[in-house]
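Here is entry-v1.tsv, consisting of TSV, C-alpha atoms and all ligand atoms:
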```
chain	number	residue	atom	x	y	z
A	251	MET	CA	30.35	-22.91	-22.58
A	252	LYS	CA	29.10	-23.63	-19.06
A	253	GLU	CA	32.22	-22.04	-17.60
A	254	GLU	CA	31.64	-18.91	-19.62
A	255	LYS	CA	28.06	-18.82	-18.39
A	256	ASP	CA	29.12	-19.24	-14.77
A	257	ALA	CA	31.74	-16.52	-15.12
A	258	ARG	CA	29.15	-14.17	-16.57
A	259	ALA	CA	26.77	-14.97	-13.74
A	260	ALA	CA	29.51	-14.31	-11.17
A	261	GLY	CA	30.20	-10.97	-12.87
A	262	THR	CA	26.51	-10.11	-12.67
A	263	TYR	CA	26.41	-10.65	-8.91
A	264	GLU	CA	29.65	-8.74	-8.45
A	265	THR	CA	28.23	-5.77	-10.31
A	266	ILE	CA	25.06	-5.83	-8.20
A	267	ASP	CA	27.21	-5.94	-5.07
A	268	ARG	CA	29.29	-3.03	-6.34
A	269	LEU	CA	26.16	-1.02	-7.10
A	270	PHE	CA	24.88	-1.81	-3.63
A	271	GLU	CA	28.10	-0.78	-1.90
A	272	GLU	CA	29.29	2.07	-4.10
A	273	GLY	CA	26.21	3.24	-5.99
A	274	THR	CA	28.05	3.02	-9.28
A	275	ALA	CA	29.61	0.64	-11.80
A	276	GLY	CA	31.51	0.92	-15.05
A	277	LYS	CA	29.89	1.22	-18.49
A	278	GLU	CA	30.82	-2.31	-19.53
A	279	GLU	CA	29.72	-3.78	-16.23
A	280	LEU	CA	26.34	-2.11	-16.49
A	281	LYS	CA	25.94	-3.28	-20.06
A	282	GLU	CA	26.78	-6.86	-19.14
A	283	LEU	CA	24.51	-6.71	-16.14
A	284	ILE	CA	21.57	-5.62	-18.28
A	285	GLU	CA	22.25	-7.97	-21.18
A	286	GLY	CA	23.11	-10.95	-18.97
A	287	ARG	CA	20.14	-10.57	-16.62
A	288	ASN	CA	17.97	-13.53	-15.69
A	289	GLU	CA	15.34	-14.26	-13.08
A	290	ALA	CA	17.81	-15.21	-10.35
A	291	ALA	CA	19.91	-12.09	-10.89
A	292	ALA	CA	16.76	-9.96	-10.84
A	293	GLU	CA	15.69	-11.47	-7.53
A	294	TYR	CA	19.12	-10.77	-6.06
A	295	LEU	CA	19.03	-7.20	-7.38
A	296	PHE	CA	15.53	-6.58	-6.00
A	297	GLU	CA	16.52	-7.86	-2.55
A	298	LYS	CA	19.38	-5.38	-2.47
A	299	ALA	CA	17.17	-2.61	-3.84
A	300	ARG	CA	14.58	-3.21	-1.10
A	301	ILE	CA	17.30	-2.89	1.53
A	302	ARG	CA	18.19	0.58	0.23
A	303	GLN	CA	14.52	1.51	-0.28
A	304	GLN	CA	13.62	0.60	3.30
A	305	GLU	CA	16.73	2.19	4.75
A	306	HIS	CA	15.59	5.55	3.39
A	307	PHE	CA	11.82	5.27	3.24
A	308	GLY	CA	10.76	2.31	5.35
A	309	LYS	CA	7.77	0.57	3.84
A	310	ARG	CA	6.08	3.87	3.13
A	311	ILE	CA	4.66	4.61	-0.28
A	312	TYR	CA	4.06	8.19	-1.35
A	313	LEU	CA	1.12	9.24	-3.45
A	314	ARG	CA	1.12	11.80	-6.22
A	315	GLY	CA	-2.31	12.80	-7.46
A	316	LEU	CA	-2.07	13.17	-11.20
A	317	ILE	CA	-4.31	15.78	-12.82
A	318	GLU	CA	-4.11	15.52	-16.59
A	319	PHE	CA	-5.46	18.96	-17.29
A	320	THR	CA	-5.03	19.30	-21.05
A	321	ASN	CA	-4.32	16.95	-23.91
A	322	TYR	CA	-3.70	19.70	-26.46
A	323	CYS	CA	-0.06	19.63	-27.51
A	324	LYS	CA	1.99	21.65	-29.96
A	325	ASN	CA	4.63	18.93	-30.16
A	326	ASP	CA	4.64	15.98	-32.49
A	327	CYS	CA	6.69	13.33	-30.65
A	328	TYR	CA	6.52	10.19	-32.77
A	329	TYR	CA	5.60	7.93	-29.85
A	330	CYS	CA	2.91	9.96	-28.11
A	331	GLY	CA	-0.85	9.54	-28.50
A	332	ILE	CA	-1.57	13.23	-27.80
A	333	ARG	CA	0.90	14.52	-30.42
A	334	ARG	CA	-0.51	17.36	-32.49
A	335	GLY	CA	-0.54	15.22	-35.62
A	336	ASN	CA	-3.05	12.79	-34.14
A	337	ARG	CA	-6.28	14.06	-35.67
A	338	ALA	CA	-8.23	11.24	-34.05
A	339	ALA	CA	-7.52	12.45	-30.51
A	340	GLN	CA	-10.49	14.04	-28.77
A	341	ARG	CA	-9.04	17.18	-27.26
A	342	TYR	CA	-10.02	18.69	-23.90
A	343	ARG	CA	-8.89	21.26	-21.37
A	344	LEU	CA	-9.96	21.46	-17.74
A	345	THR	CA	-11.07	24.82	-16.39
A	346	GLU	CA	-9.40	26.30	-13.34
A	347	ASP	CA	-12.44	25.33	-11.26
A	348	GLU	CA	-12.30	21.76	-12.52
A	349	ILE	CA	-8.61	21.56	-11.58
A	350	LEU	CA	-9.35	22.89	-8.09
A	351	ASP	CA	-12.17	20.35	-7.74
A	352	CYS	CA	-9.70	17.55	-8.52
A	353	CYS	CA	-7.41	18.86	-5.77
A	354	ARG	CA	-10.31	19.05	-3.31
A	355	VAL	CA	-11.28	15.44	-3.97
A	356	GLY	CA	-7.63	14.40	-3.74
A	357	TYR	CA	-7.01	16.27	-0.51
A	358	ASP	CA	-9.97	14.58	1.16
A	359	LEU	CA	-8.60	11.21	0.08
A	360	GLY	CA	-5.24	11.98	1.72
A	361	PHE	CA	-3.19	13.29	-1.22
A	362	ARG	CA	-0.58	15.90	-0.29
A	363	THR	CA	1.04	16.24	-3.69
A	364	PHE	CA	-0.73	17.25	-6.86
A	365	VAL	CA	0.87	16.85	-10.24
A	366	LEU	CA	-0.47	19.04	-13.02
A	367	GLN	CA	0.47	17.30	-16.24
A	368	GLY	CA	-0.44	18.15	-19.78
A	369	GLY	CA	0.61	18.48	-23.35
A	370	GLU	CA	2.46	21.66	-24.32
A	371	ASP	CA	-0.73	23.65	-24.71
A	372	PRO	CA	-0.22	27.34	-25.64
A	373	PHE	CA	-3.63	28.16	-24.12
A	374	PHE	CA	-2.04	27.68	-20.71
A	375	THR	CA	0.20	30.69	-20.81
A	376	THR	CA	2.56	31.22	-17.93
A	377	GLU	CA	0.16	33.84	-16.56
A	378	ARG	CA	-2.73	31.34	-16.54
A	379	LEU	CA	-0.58	28.68	-14.98
A	380	ARG	CA	0.69	31.10	-12.35
A	381	ARG	CA	-2.89	31.83	-11.34
A	382	ILE	CA	-3.70	28.15	-11.04
A	383	VAL	CA	-0.52	27.41	-9.07
A	384	SER	CA	-1.23	30.30	-6.66
A	385	SER	CA	-4.85	29.23	-6.15
A	386	ILE	CA	-3.85	25.67	-5.31
A	387	LYS	CA	-1.09	26.73	-2.93
A	388	GLU	CA	-3.37	29.26	-1.23
A	389	ARG	CA	-6.06	26.67	-0.60
A	390	TRP	CA	-3.80	23.76	0.31
A	391	PRO	CA	-0.56	25.25	1.64
A	392	ASP	CA	0.45	21.93	3.20
A	393	CYS	CA	0.57	20.28	-0.23
A	394	ALA	CA	3.40	20.08	-2.71
A	395	LEU	CA	2.68	21.03	-6.28
A	396	THR	CA	4.42	19.43	-9.22
A	397	LEU	CA	4.25	20.72	-12.76
A	398	SER	CA	4.80	18.60	-15.84
A	399	VAL	CA	4.10	20.86	-18.79
A	400	GLY	CA	7.14	20.38	-20.96
A	401	GLU	CA	9.81	22.74	-22.22
A	402	ARG	CA	9.51	26.44	-21.39
A	403	PRO	CA	11.85	29.42	-21.17
A	404	TYR	CA	13.88	29.97	-18.01
A	405	GLU	CA	11.82	33.05	-17.04
A	406	ASP	CA	8.60	31.02	-17.17
A	407	TYR	CA	10.02	28.27	-14.98
A	408	LEU	CA	11.20	30.96	-12.57
A	409	ALA	CA	7.83	32.70	-12.49
A	410	LEU	CA	6.02	29.42	-11.81
A	411	ARG	CA	8.44	28.55	-9.04
A	412	GLN	CA	7.89	31.97	-7.52
A	413	ALA	CA	4.13	31.38	-7.72
A	414	GLY	CA	4.62	28.32	-5.50
A	415	ALA	CA	5.34	25.28	-7.70
A	416	ASP	CA	7.71	22.97	-5.82
A	417	ARG	CA	8.61	20.29	-8.31
A	418	TYR	CA	8.88	19.72	-12.04
A	419	LEU	CA	8.77	16.51	-14.02
A	420	LEU	CA	10.48	16.53	-17.38
A	421	ARG	CA	11.62	13.17	-18.60
A	422	HIS	CA	14.75	13.42	-20.67
A	423	GLU	CA	13.31	10.44	-22.67
A	424	THR	CA	16.79	9.35	-23.80
A	425	ALA	CA	20.24	10.63	-22.93
A	426	ASP	CA	21.55	9.90	-26.42
A	427	ARG	CA	21.30	12.82	-28.85
A	428	GLU	CA	20.98	10.66	-31.97
A	429	HIS	CA	18.39	8.43	-30.37
A	430	TYR	CA	16.41	11.51	-29.32
A	431	ARG	CA	16.42	12.64	-32.95
A	432	LYS	CA	14.81	9.37	-34.04
A	433	LEU	CA	11.95	9.81	-31.57
A	434	HIS	CA	11.17	13.45	-32.26
A	435	PRO	CA	10.58	15.77	-35.21
A	436	PRO	CA	13.43	18.07	-36.33
A	437	GLU	CA	12.09	21.13	-34.50
A	438	MET	CA	12.66	19.43	-31.17
A	439	SER	CA	16.15	19.06	-29.80
A	440	TRP	CA	17.88	16.99	-27.15
A	441	GLU	CA	20.06	19.98	-26.25
A	442	HIS	CA	17.01	22.05	-25.43
A	443	ARG	CA	15.40	19.33	-23.34
A	444	ILE	CA	18.57	18.90	-21.32
A	445	SER	CA	19.09	22.63	-20.88
A	446	CYS	CA	15.52	22.86	-19.52
A	447	LEU	CA	16.38	20.23	-16.93
A	448	ARG	CA	19.46	22.17	-15.89
A	449	ASP	CA	17.44	25.41	-15.66
A	450	LEU	CA	14.85	23.71	-13.46
A	451	LYS	CA	17.52	22.45	-11.12
A	452	GLN	CA	19.21	25.81	-10.99
A	453	ILE	CA	15.95	27.57	-10.12
A	454	GLY	CA	15.51	25.23	-7.18
A	455	TYR	CA	12.74	22.88	-8.24
A	456	GLN	CA	12.82	19.31	-7.05
A	457	VAL	CA	13.37	17.80	-10.45
A	458	GLY	CA	12.14	14.57	-11.97
A	459	ALA	CA	13.76	13.07	-15.09
A	460	GLY	CA	13.57	9.66	-16.70
A	461	MET	CA	13.29	7.67	-19.88
A	462	MET	CA	11.02	5.35	-21.78
A	463	LEU	CA	12.40	1.86	-21.99
A	464	GLN	CA	12.57	-0.08	-25.23
A	465	SER	CA	11.39	2.85	-27.28
A	466	PRO	CA	12.16	2.30	-30.97
A	467	TYR	CA	15.88	2.22	-31.83
A	468	GLN	CA	16.93	2.03	-28.16
A	469	THR	CA	20.03	-0.09	-27.49
A	470	THR	CA	21.60	-1.25	-24.24
A	471	ASP	CA	24.31	1.36	-24.76
A	472	HIS	CA	21.62	4.03	-24.75
A	473	ILE	CA	20.24	2.69	-21.48
A	474	VAL	CA	23.71	2.73	-19.93
A	475	THR	CA	24.08	6.35	-21.06
A	476	ASP	CA	20.70	7.08	-19.42
A	477	LEU	CA	21.93	5.60	-16.16
A	478	GLU	CA	25.12	7.63	-16.25
A	479	PHE	CA	23.18	10.76	-17.13
A	480	LEU	CA	20.80	10.27	-14.19
A	481	LYS	CA	23.67	9.59	-11.82
A	482	GLU	CA	25.26	12.85	-12.88
A	483	LEU	CA	22.03	14.90	-12.83
A	484	GLN	CA	21.01	13.58	-9.38
A	485	PRO	CA	17.30	14.24	-9.84
A	486	ASP	CA	14.95	14.03	-6.85
A	487	MET	CA	12.58	11.82	-8.85
A	488	ILE	CA	13.08	9.30	-11.61
A	489	GLY	CA	10.15	8.21	-13.76
A	490	ILE	CA	10.82	5.30	-16.07
A	491	GLY	CA	8.35	3.12	-17.89
A	492	PRO	CA	8.04	0.90	-20.93
A	493	PHE	CA	7.30	2.43	-24.31
A	494	ILE	CA	3.83	1.31	-25.38
A	495	PRO	CA	2.65	1.92	-28.94
A	496	HIS	CA	-0.39	4.07	-29.73
A	497	LYS	CA	-2.45	3.13	-32.75
A	498	ASP	CA	-2.58	6.66	-34.22
A	499	THR	CA	1.15	7.44	-34.13
A	500	PRO	CA	4.05	6.70	-36.50
A	501	PHE	CA	5.24	4.04	-34.00
A	502	ARG	CA	1.94	2.16	-34.08
A	503	ASP	CA	3.55	-1.09	-35.27
A	504	ARG	CA	6.50	-1.06	-32.92
A	505	THR	CA	6.87	-3.58	-30.12
A	506	ALA	CA	6.05	-2.50	-26.59
A	507	GLY	CA	8.68	-2.54	-23.88
A	508	THR	CA	8.49	-5.18	-21.17
A	509	ALA	CA	7.71	-4.98	-17.48
A	510	GLU	CA	10.65	-7.29	-16.91
A	511	LEU	CA	13.27	-4.80	-18.16
A	512	THR	CA	11.54	-1.85	-16.49
A	513	LEU	CA	11.63	-3.65	-13.15
A	514	PHE	CA	15.29	-4.53	-13.58
A	515	LEU	CA	16.11	-0.89	-14.26
A	516	ILE	CA	14.10	0.26	-11.23
A	517	GLY	CA	16.28	-2.07	-9.16
A	518	ILE	CA	19.50	-0.69	-10.64
A	519	LEU	CA	18.37	2.91	-10.17
A	520	ARG	CA	17.43	2.34	-6.54
A	521	LEU	CA	21.03	1.22	-5.94
A	522	MET	CA	22.54	4.05	-7.97
A	523	LEU	CA	20.37	6.80	-6.46
A	524	PRO	CA	19.17	5.36	-3.14
A	525	GLN	CA	17.35	8.53	-2.04
A	526	ALA	CA	15.43	9.12	-5.25
A	527	LEU	CA	11.67	9.03	-5.45
A	528	ILE	CA	10.87	6.39	-8.03
A	529	PRO	CA	7.29	5.82	-9.15
A	530	ALA	CA	5.88	2.49	-10.19
A	531	THR	CA	4.28	4.06	-13.25
A	532	THR	CA	0.91	3.65	-14.92
A	533	ALA	CA	2.67	2.38	-18.05
A	534	LEU	CA	4.19	-0.40	-15.93
A	535	GLY	CA	0.72	-1.19	-14.56
A	536	THR	CA	-0.62	-1.22	-18.10
A	537	ILE	CA	1.90	-3.69	-19.47
A	538	ASP	CA	1.52	-6.03	-16.46
A	539	PRO	CA	-1.60	-6.19	-14.26
A	540	ARG	CA	0.63	-6.48	-11.17
A	541	GLY	CA	3.25	-4.09	-12.55
A	542	ARG	CA	2.87	-1.48	-9.84
A	543	GLU	CA	3.21	-4.00	-6.99
A	544	LYS	CA	6.22	-5.55	-8.71
A	545	GLY	CA	7.67	-2.05	-9.20
A	546	ILE	CA	7.49	-1.39	-5.46
A	547	LEU	CA	9.10	-4.76	-4.74
A	548	ALA	CA	11.88	-3.87	-7.20
A	549	GLY	CA	12.68	-0.64	-5.33
A	550	ALA	CA	10.09	1.98	-6.35
A	551	ASN	CA	8.39	4.01	-3.60
A	552	VAL	CA	5.81	6.26	-5.27
A	553	ILE	CA	2.52	5.70	-7.05
A	554	MET	CA	0.67	8.27	-9.07
A	555	PRO	CA	-3.05	7.60	-9.10
A	556	ASN	CA	-5.20	9.59	-11.43
A	557	LEU	CA	-7.27	12.45	-10.04
A	558	SER	CA	-8.55	13.69	-13.39
A	559	PRO	CA	-12.35	13.76	-13.76
A	560	SER	CA	-13.48	10.38	-15.05
A	561	GLY	CA	-15.13	12.05	-18.06
A	562	VAL	CA	-11.78	13.04	-19.58
A	563	ARG	CA	-9.53	10.19	-18.50
A	564	GLY	CA	-10.17	8.15	-21.59
A	565	LYS	CA	-8.93	11.09	-23.68
A	566	TYR	CA	-5.47	11.41	-22.14
A	567	LEU	CA	-4.27	8.43	-24.07
A	568	LEU	CA	-0.52	8.52	-24.46
A	569	TYR	CA	-0.52	4.86	-25.47
A	570	ASP	CA	-3.01	2.05	-26.09
A	571	GLY	CA	-4.64	0.14	-23.27
A	572	LYS	CA	-3.96	2.68	-20.49
A	573	ILE	CA	-5.39	1.42	-17.19
A	574	CYS	CA	-7.81	3.11	-14.78
A	575	THR	CA	-9.44	5.26	-17.46
A	576	GLY	CA	-12.96	4.41	-16.25
A	577	ASP	CA	-12.48	4.77	-12.51
A	578	GLU	CA	-13.30	7.52	-10.05
A	579	ALA	CA	-10.47	8.91	-7.93
A	580	ALA	CA	-11.79	7.26	-4.78
A	581	GLU	CA	-11.93	3.84	-6.49
A	582	CYS	CA	-8.34	4.20	-7.72
A	583	HIS	CA	-7.19	5.21	-4.28
A	584	ALA	CA	-8.94	2.33	-2.51
A	585	CYS	CA	-7.67	-0.16	-5.08
A	586	LEU	CA	-4.07	0.99	-4.69
A	587	GLU	CA	-4.29	1.06	-0.93
A	588	ARG	CA	-5.43	-2.58	-1.04
A	589	ARG	CA	-2.70	-3.55	-3.48
A	590	MET	CA	0.04	-1.93	-1.40
A	591	LYS	CA	-1.23	-3.50	1.81
A	592	ALA	CA	-1.25	-6.92	0.18
A	593	ILE	CA	2.51	-6.66	-0.41
A	594	GLY	CA	3.26	-5.30	3.06
A	595	TYR	CA	3.58	-1.60	2.20
A	596	GLU	CA	1.57	1.34	3.44
A	597	ILE	CA	0.36	4.45	1.67
A	598	VAL	CA	1.10	7.54	3.76
A	599	VAL	CA	-0.50	10.98	3.96
A	600	SER	CA	2.57	13.09	3.29
A	601	ARG	CA	4.04	15.47	0.74
A	602	GLY	CA	6.75	12.86	0.32
A	603	ASP	CA	9.66	15.21	-0.36
A	604	SER	CA	12.91	13.55	-1.28
A	605	PRO	CA	15.34	13.29	1.66
A	606	ARG	CA	17.56	15.88	-0.01
A	607	ALA	CA	14.70	18.34	-0.43
A	608	GLN	CA	13.66	17.78	3.17
A	609	ALA	CA	17.13	18.77	4.30
A	610	HIS	CA	16.75	22.04	2.36
A	611	ARG	CA	13.28	22.68	3.73
A	612	ALA	CA	14.09	21.90	7.36
A	613	PRO	CA	15.40	25.31	8.50
A	614	ARG	CA	12.31	27.09	7.15
A	615	SER	CA	9.79	24.68	8.63
A	616	GLU	CA	11.41	24.99	12.07
A	617	SER	CA	11.13	28.76	12.13
B	1	LIG	N1	4.28	17.45	-22.19
B	1	LIG	C1	5.01	17.09	-21.01
B	1	LIG	C2	6.37	16.57	-21.37
B	1	LIG	O1	6.68	16.42	-22.54
B	1	LIG	O2	7.17	16.33	-20.46
B	1	LIG	C3	4.27	16.09	-20.15
B	1	LIG	C4	3.33	15.15	-20.81
B	1	LIG	S1	4.10	13.81	-21.67
B	1	LIG	C5	2.74	13.10	-22.49
B	1	LIG	C6	4.49	12.70	-20.35
B	1	LIG	C7	5.33	11.49	-20.66
B	1	LIG	O3	4.56	10.49	-21.30
B	1	LIG	C8	6.48	11.68	-21.60
B	1	LIG	O4	7.57	12.24	-20.93
B	1	LIG	C9	6.74	10.27	-22.14
B	1	LIG	O5	7.85	9.66	-21.50
B	1	LIG	C10	5.45	9.52	-21.78
B	1	LIG	N2	4.89	8.87	-22.99
B	1	LIG	C11	4.38	9.48	-24.06
B	1	LIG	N3	4.02	8.58	-25.00
B	1	LIG	C12	4.32	7.35	-24.49
B	1	LIG	C13	4.21	6.03	-24.98
B	1	LIG	N4	3.74	5.78	-26.20
B	1	LIG	N5	4.61	5.01	-24.19
B	1	LIG	C14	5.09	5.26	-22.95
B	1	LIG	N6	5.23	6.49	-22.43
B	1	LIG	C15	4.85	7.55	-23.19
```
The structure given in the file should be rewritten as structure tokens.
Amino acid sequence: MKEEKDARAAGTYETIDRLFEEGTAGKEELKELIEGRNEAAAEYLFEKARIRQQEHFGKRIYLRGLIEFTNYCKNDCYYCGIRRGNRAAQRYRLTEDEILDCCRVGYDLGFRTFVLQGGEDPFFTTERLRRIVSSIKERWPDCALTLSVGERPYEDYLALRQAGADRYLLRHETADREHYRKLHPPEMSWEHRISCLRDLKQIGYQVGAGMMLQSPYQTTDHIVTDLEFLKELQPDMIGIGPFIPHKDTPFRDRTAGTAELTLFLIGILRLMLPQALIPATTALGTIDPRGREKGILAGANVIMPNLSPSGVRGKYLLYDGKICTGDEAAECHACLERRMKAIGYEIVVSRGDSPRAQAHRAPRSES
């Protein structure tokens, strides 16, 4: 019994070493690594992940100012608190002026990336979004603009890119078709989500993908498939976080994911995609009060403080217990700056492009 345990442990360290050296490992190895993990293995993994993190990014942490501009959504994802079927949600939309005000406040605090995130709200037609994107880029041309507004036709993504949007976040949620089906209503499809991601890449966005961890019905095999999918997609950003139930959704009684597994996966992903931008997410900070610091120490290098007006923050409730819903932007910023400093990292005033995107941008910025 002990011998078997030792052999498993040795295998775990070997797989971490392989990930560190080669950036990849076999399906079975990854599965065993995840299922056989313990505190000592996690510490070893995080040490290796920090080496890769600091090789590419030093101890610099990039900020993304999140503006949650609408919580109307035409989709009915079973896990999400702003799904259309949630009659208890108090709906809101920010006006264009309110969105610009958020950017102004953020810019003065040192943000150089704004993320416009919302439900799939038909009010925000591509034309409306184009106007907003252009206004932001005109006023703050030194900032990067990220959109996270769900699935749209190719032409819309193209038009928004042409209006100046630089990046797009669209989590794939799960790389397993059948699993996707259990998390979404029949009118939504995994194929469509994935084809959107491919369109976004093709158009030239810096793309962010990612999955919820321990969402209902998720198995280790699914997670391994997620890792392989991400390795193949090579996104610039990877957002992962624990599933957390929301009281007014069909998954209200399901168990939340853990910070422990999320951190372990951040470590693995840092080794598999060393140059990726990986946020220590709000969901991670919600499930563990020191989740974001631990996320950075596991290999993450981005945090996404909220820039939404404090009056609406409590309404963008994707899950129960979401943190920072009562704070002002400046408070959030100061708090995170303190937290990062306490663990030896520094928040920088920078767009924080991924190294790959910087390589693409370089010729233009030199001219
Ligand atoms: N509508 C856009 C989309 O679908 O990509 C962006 C907004 S959506 C609410 C942003 C992300 O929130 C989703 O990709 C999902 O991973 C996450 N999310 C939603 N409900 C969640 C929950 N209950 N627990 C954890 N994360 C959740």
Item to complete: Name all residues at most 12 Å from Thr265 in chain A (count all atoms listed in the file; drop same-chain ones fewer than 3 positions away) and give them as a ChimeraX atom specification.
Response: /A:258-262,268-284,286-287,291,294-295,298,518,521-522
Item to complete: Compute the set of protein, DNA and RNA residues whose minimum atom distance to ligand LIG 1 (chain B) is at most 7 Å, using all atoms listed in the file, and state it as JSON, numbers by chain.
Response: {"A": [329, 330, 331, 332, 367, 368, 369, 370, 398, 399, 400, 419, 420, 421, 423, 461, 462, 491, 492, 493, 494, 495, 496, 533, 568, 569]}
Worksheet item: Out of A:Ala459, A:Val552, A:Ile266, A:Ile301, which residue has the shortest atom-to-atom distance to Arg601 in chain A when counting all atoms listed in the file?
Response: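 Of A:Ala459, A:Val552, A:Ile266, A:Ile301, the one nearest Arg601 in chain A is A:Val552, counting all atoms listed in the file.
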Worksheet item: What is the distance between CA of Tyr263 in chain A and CA of Arg520 in chain A, in Å to one decimal?
Response: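 Distance between the two atoms: 16.0 Å.
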Worksheet item: Hey, can you check how far CA of Ser604 in chain A sits from CA of Leu523 in chain A?
Response: 11.3 Å
Item to complete: In Å, rounded to a single decimal, give me how far CA of Asp486 in chain A is from CA of Ala592 in chain A.
Response: 27.4 Å
Discussion item. Around the point (-6.1, 9.8, -32.7) (coordinates from the file), which residues reach within 10 Å if we count all atoms listed in the file? Answer as JSON, numbers by chain.
Written reply: {"A": [331, 332, 333, 334, 335, 336, 337, 338, 339, 340, 341, 496, 497, 498, 499, 565, 567]}
Using the selection just defined, write its residues with C-alpha atoms as a tab-separated table (two decimals), keeping the file's coordinate frame.
```tsv
chain	number	residue	atom	x	y	z
A	331	GLY	CA	-0.85	9.54	-28.50
A	332	ILE	CA	-1.57	13.23	-27.80
A	333	ARG	CA	0.90	14.52	-30.42
A	334	ARG	CA	-0.51	17.36	-32.49
A	335	GLY	CA	-0.54	15.22	-35.62
A	336	ASN	CA	-3.05	12.79	-34.14
A	337	ARG	CA	-6.28	14.06	-35.67
A	338	ALA	CA	-8.23	11.24	-34.05
A	339	ALA	CA	-7.52	12.45	-30.51
A	340	GLN	CA	-10.49	14.04	-28.77
A	341	ARG	CA	-9.04	17.18	-27.26
A	496	HIS	CA	-0.39	4.07	-29.73
A	497	LYS	CA	-2.45	3.13	-32.75
A	498	ASP	CA	-2.58	6.66	-34.22
A	499	THR	CA	1.15	7.44	-34.13
A	565	LYS	CA	-8.93	11.09	-23.68
A	567	LEU	CA	-4.27	8.43	-24.07
```
Worksheet item: Leaving out Leu534 in chain A and any residue of its chain fewer than 6 positions from it, which residues lie within 12 Å of it when counting all atoms listed in the file, given as a PyMOL selection string?
Response: chain A and resi 462-463+489-494+506-513+516+540-546+550+553-554+569+571-573
Item to complete: Check the smallest atom-to-atom distance from each of A:Gly460, A:Pro372, A:Gly594, A:Gly356 to Arg314 in chain A using all atoms listed in the file, then report the winner.
Response: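 Under the stated criterion, the closest residue is A:Gly356.
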Worksheet entry | Contacts of Pro559 in chain A at 8 Å (only C-alpha atoms; same-chain gap of 5+ positions) as a list in words | Cys352, Glu578 and Ala579 of chain A
Worksheet item: Leaving out Trp390 in chain A and any residue of its chain fewer than 3 positions from it, which residues lie within 12 Å of it when counting only C-alpha atoms, given as a list in words?
Response: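 The filter keeps Leu350, Cys353, Arg354, Val355, Gly356, Tyr357, Asp358, Gly360, Phe361, Arg362, Thr363, Phe364, Val383, Ser384, Ser385, Ile386, Lys387, Cys393, Ala394, Leu395, Gly414 and Arg601 of chain A.
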Selection export as a PDB file, in the frame of the given file, atoms kept: C-alpha atoms:
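Ended up saving to again16.pdb:
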```
ATOM      1  CA  LEU A 350      -9.350  22.890  -8.090  1.00  0.00           C
ATOM      2  CA  CYS A 353      -7.410  18.860  -5.770  1.00  0.00           C
ATOM      3  CA  ARG A 354     -10.310  19.050  -3.310  1.00  0.00           C
ATOM      4  CA  VAL A 355     -11.280  15.440  -3.970  1.00  0.00           C
ATOM      5  CA  GLY A 356      -7.630  14.400  -3.740  1.00  0.00           C
ATOM      6  CA  TYR A 357      -7.010  16.270  -0.510  1.00  0.00           C
ATOM      7  CA  ASP A 358      -9.970  14.580   1.160  1.00  0.00           C
ATOM      8  CA  GLY A 360      -5.240  11.980   1.720  1.00  0.00           C
ATOM      9  CA  PHE A 361      -3.190  13.290  -1.220  1.00  0.00           C
ATOM     10  CA  ARG A 362      -0.580  15.900  -0.290  1.00  0.00           C
ATOM     11  CA  THR A 363       1.040  16.240  -3.690  1.00  0.00           C
ATOM     12  CA  PHE A 364      -0.730  17.250  -6.860  1.00  0.00           C
ATOM     13  CA  VAL A 383      -0.520  27.410  -9.070  1.00  0.00           C
ATOM     14  CA  SER A 384      -1.230  30.300  -6.660  1.00  0.00           C
ATOM     15  CA  SER A 385      -4.850  29.230  -6.150  1.00  0.00           C
ATOM     16  CA  ILE A 386      -3.850  25.670  -5.310  1.00  0.00           C
ATOM     17  CA  LYS A 387      -1.090  26.730  -2.930  1.00  0.00           C
ATOM     18  CA  CYS A 393       0.570  20.280  -0.230  1.00  0.00           C
ATOM     19  CA  ALA A 394       3.400  20.080  -2.710  1.00  0.00           C
ATOM     20  CA  LEU A 395       2.680  21.030  -6.280  1.00  0.00           C
ATOM     21  CA  GLY A 414       4.620  28.320  -5.500  1.00  0.00           C
ATOM     22  CA  ARG A 601       4.040  15.470   0.740  1.00  0.00           C
TER      23      ARG A 601
END
```
Discussion item. Please determine, counting all atoms listed in the file, which residue among A:Gly576, A:Tyr407, A:Gln303, A:Tyr322 has the shortest atom-to-atom distance to Gly564 in chain A.
Written reply: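 Checking each candidate against Gly564 in chain A, we get A:Gly576 as the closest.
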With 6 Å on each side, where is the centre of the axis-aligned box around all listed atoms of range 351-360 of chain A, and how long are its edges in Å to one decimal, as JSON?
```
{"center_x": -8.7, "center_y": 15.8, "center_z": -3.4, "size_x": 18.9, "size_y": 21.1, "size_z": 22.2}
```
Worksheet item: Which is closest to Leu527 in chain A among A:Ala409, A:Cys582, A:Leu379, A:Ile311, if we use all atoms listed in the file?
Response: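 Nearest candidate to Leu527 in chain A out of A:Ala409, A:Cys582, A:Leu379, A:Ile311: A:Ile311.
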Worksheet entry | From A:His583, A:His472, A:Arg448, A:Arg589, residue lying nearest Thr424 in chain A [all atoms listed in the file] |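 That would be A:His472, the residue with the smallest distance to Thr424 in chain A.
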Worksheet entry | Residue nearest Asp426 in chain A - candidates A:Leu344, A:Ile473, A:Val365, A:Leu313, atoms counted: all atoms listed in the file |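 Among A:Leu344, A:Ile473, A:Val365, A:Leu313, it is A:Ile473 that comes nearest to Asp426 in chain A.
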